[in-house]
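Undergrad: Below is the file work-v5.cif, with mmCIF, C-alpha atoms and all ligand atoms.
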data_my_file
loop_
_atom_site.label_atom_id
_atom_site.label_comp_id
_atom_site.auth_asym_id
_atom_site.auth_seq_id
_atom_site.Cartn_x
_atom_site.Cartn_y
_atom_site.Cartn_z
CA MET A 1 -50.22 34.97 -0.90
CA PRO A 2 -49.14 31.86 -2.77
CA LEU A 3 -46.03 31.98 -4.90
CA PHE A 4 -46.09 30.06 -8.15
CA ASP A 5 -43.50 29.17 -10.72
CA PHE A 6 -44.42 29.87 -14.29
CA ARG A 7 -42.90 29.33 -17.67
CA CYS A 8 -43.89 31.57 -20.52
CA ARG A 9 -45.05 29.65 -23.56
CA SER A 10 -44.20 32.56 -25.82
CA CYS A 11 -40.58 33.23 -24.89
CA GLY A 12 -39.70 30.39 -22.53
CA ARG A 13 -38.84 32.67 -19.62
CA ARG A 14 -39.23 31.13 -16.18
CA PHE A 15 -40.35 33.33 -13.34
CA GLU A 16 -42.05 33.29 -9.98
CA ALA A 17 -45.14 35.30 -9.22
CA PHE A 18 -47.43 35.86 -6.32
CA VAL A 19 -50.90 35.16 -7.58
CA ARG A 20 -54.17 36.11 -6.01
CA ALA A 21 -57.34 34.51 -7.22
CA SER A 22 -58.29 37.61 -9.19
CA ASP A 23 -54.85 38.10 -10.74
CA ILE A 24 -53.70 36.86 -14.11
CA PRO A 25 -49.91 36.70 -14.07
CA ARG A 26 -47.99 38.04 -17.03
CA CYS A 27 -44.58 37.19 -18.34
CA PRO A 28 -42.11 39.84 -17.14
CA SER A 29 -40.22 39.61 -20.45
CA CYS A 30 -42.87 39.70 -23.14
CA LYS A 31 -46.02 40.42 -21.10
CA GLY A 32 -47.49 37.22 -22.47
CA VAL A 33 -50.27 35.49 -20.63
CA LYS A 34 -49.77 32.04 -22.15
CA LEU A 35 -48.14 30.57 -19.10
CA GLU A 36 -47.43 27.10 -17.93
CA GLN A 37 -47.59 26.66 -14.20
CA LEU A 38 -44.72 24.65 -12.79
CA PRO A 39 -44.65 22.78 -9.51
CA SER A 40 -43.78 25.38 -6.93
CA MET A 41 -40.32 25.20 -5.40
CA PHE A 42 -41.14 27.93 -2.93
CA SER A 43 -40.54 26.03 0.30
CA ILE A 44 -37.19 24.72 -0.89
CA SER A 45 -35.94 27.90 -2.51
CA SER A 46 -36.95 30.10 0.42
CA LEU A 47 -35.06 27.80 2.75
CA GLU A 48 -32.01 27.99 0.50
CA ILE A 49 -32.30 31.77 0.36
CA THR A 50 -32.48 31.95 4.15
CA LYS A 51 -29.38 29.79 4.48
CA ALA A 52 -27.55 31.91 1.95
CA ARG A 53 -28.53 35.09 3.79
CA VAL A 54 -27.30 33.69 7.10
CA ARG A 55 -24.04 32.70 5.45
CA THR A 56 -23.62 36.17 3.96
CA ALA A 57 -24.43 37.87 7.26
CA LYS A 58 -21.84 35.79 9.07
CA LYS A 59 -19.27 36.58 6.43
CA GLU A 60 -20.09 40.30 6.63
CA ARG A 61 -19.73 40.29 10.40
CA ARG A 62 -16.39 38.56 10.15
CA ARG A 63 -15.22 41.02 7.53
CA SER A 64 -16.27 44.07 9.54
CA ARG A 65 -14.57 42.71 12.65
CA ALA A 66 -11.39 42.15 10.65
CA TYR A 67 -11.69 45.68 9.32
CA ARG A 68 -12.14 47.10 12.81
CA ASP A 69 -9.11 45.14 14.01
CA LYS A 70 -7.12 46.58 11.14
CA ILE A 71 -8.18 50.12 12.00
CA MET A 72 -7.34 49.54 15.66
CA ALA A 73 -3.94 48.12 14.72
CA GLU A 74 -3.26 51.15 12.54
CA ARG A 75 -4.27 53.48 15.34
CA GLU A 76 -2.00 51.60 17.74
CA THR A 77 0.88 51.99 15.33
CA LYS A 78 0.24 55.72 14.92
CA HIS A 79 -0.12 56.14 18.66
CA HIS A 80 3.27 54.62 19.27
CA ASP A 81 5.04 56.74 16.66
ZN ZN B 1 -42.64 35.67 -22.27
#
Is it possible to give me this structure as C-alpha cells?
Ligand SMILES: [Zn+2]

TA:
Amino acid sequence: MPLFDFRCRSCGRRFEAFVRASDIPRCPSCKGVKLEQLPSMFSISSLEITKARVRTAKKERRRSRAYRDKIMAERETKHHD
C-alpha cells in the first residue's frame, strides 16, 4: 500500500496516510478532505526510522547488560558478607 504525505488545507496539519485507490484520506485533526499531496518522503523516513530503531535496540541491550552486571555485582557482595 503506498504511503503518501498530505497537508490539510483547512488546518495546515501534515500527516502521512496509506491510500488505496478507493480511499479518500481525511485529516486526522479536523476530518477535512481538502488535502494537498506532498512529495512522499517514505523511503527516506523509513530508512531513518530503521536506523533509529537499531540505535535504540543497541542502547537497550547495553543498558540491560549493565543492569545485569550490577545485579551480579550486588549478589557477589551479598554472597561474601
Ligand atoms: Zn485539518

Undergrad: When you look at stretch 32-36 of chain A with a cut-off of 12 Å (counting all atoms listed in the file), what residues show up, excluding the ones that are within fewer than 4 positions of it in the same chain? I need them as a PyMOL selection string.

TA: chain A and resi 4-17+23-28+40

Undergrad: Would you mind exporting C-alpha atoms of the selected residues as an mmCIF file, in the coordinates of the input?

TA:
data_model
loop_
_atom_site.group_PDB
_atom_site.id
_atom_site.type_symbol
_atom_site.label_atom_id
_atom_site.label_comp_id
_atom_site.auth_asym_id
_atom_site.auth_seq_id
_atom_site.Cartn_x
_atom_site.Cartn_y
_atom_site.Cartn_z
ATOM 1 C CA PHE A 4 -46.090 30.060 -8.150
ATOM 2 C CA ASP A 5 -43.500 29.170 -10.720
ATOM 3 C CA PHE A 6 -44.420 29.870 -14.290
ATOM 4 C CA ARG A 7 -42.900 29.330 -17.670
ATOM 5 C CA CYS A 8 -43.890 31.570 -20.520
ATOM 6 C CA ARG A 9 -45.050 29.650 -23.560
ATOM 7 C CA SER A 10 -44.200 32.560 -25.820
ATOM 8 C CA CYS A 11 -40.580 33.230 -24.890
ATOM 9 C CA GLY A 12 -39.700 30.390 -22.530
ATOM 10 C CA ARG A 13 -38.840 32.670 -19.620
ATOM 11 C CA ARG A 14 -39.230 31.130 -16.180
ATOM 12 C CA PHE A 15 -40.350 33.330 -13.340
ATOM 13 C CA GLU A 16 -42.050 33.290 -9.980
ATOM 14 C CA ALA A 17 -45.140 35.300 -9.220
ATOM 15 C CA ASP A 23 -54.850 38.100 -10.740
ATOM 16 C CA ILE A 24 -53.700 36.860 -14.110
ATOM 17 C CA PRO A 25 -49.910 36.700 -14.070
ATOM 18 C CA ARG A 26 -47.990 38.040 -17.030
ATOM 19 C CA CYS A 27 -44.580 37.190 -18.340
ATOM 20 C CA PRO A 28 -42.110 39.840 -17.140
ATOM 21 C CA SER A 40 -43.780 25.380 -6.930
#

Undergrad: Give the padded box for stretch 57-74 of chain A as AutoDock Vina command-line options: axis-aligned, covering all atoms listed in the file, 8 Å on each side, centre and edge lengths in Å to one decimal.

TA:
--center_x -13.8 --center_y 43.5 --center_z 11.0 --size_x 37.2 --size_y 31.4 --size_z 25.2

Undergrad: Taking only C-alpha atoms and all ligand atoms into account, name the residue in A:Arg53, A:Lys31, A:Arg65, A:Lys78 that is nearest to ligand ZN 1 (chain B).

TA: A:Lys31

Undergrad: Using all atoms listed in the file, pick whichever of A:Lys51, A:Leu38, A:Arg63, A:Ser29 has the shortest atom-to-atom distance to ligand ZN 1 (chain B).

TA: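 Nearest candidate to ligand ZN 1 (chain B) out of A:Lys51, A:Leu38, A:Arg63, A:Ser29: A:Ser29.
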
Undergrad: One number please: atom ZN of ligand ZN 1 (chain B) to atom CA of A:Gln37, in Å, one decimal.

TA: 13.1 Å

Undergrad: Between atom CA of A:Leu3 and atom CA of A:Ser22, what is the distance in Å, rounded to a tenth?

TA: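 According to the coordinates, atom CA of A:Leu3 and atom CA of A:Ser22 are separated by 14.2 Å.
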
Undergrad: Would you mind reading off the distance between atom CA of A:Pro2 and atom CA of A:Phe18, one decimal, in Å?

TA: 5.6 Å

Undergrad: With only C-alpha atoms and all ligand atoms as the atoms that count, which of A:Lys59, A:Thr77, A:Tyr67, A:Cys30 lies nearest to ligand ZN 1 (chain B)?

TA: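 That would be A:Cys30, the residue with the smallest distance to ligand ZN 1 (chain B).
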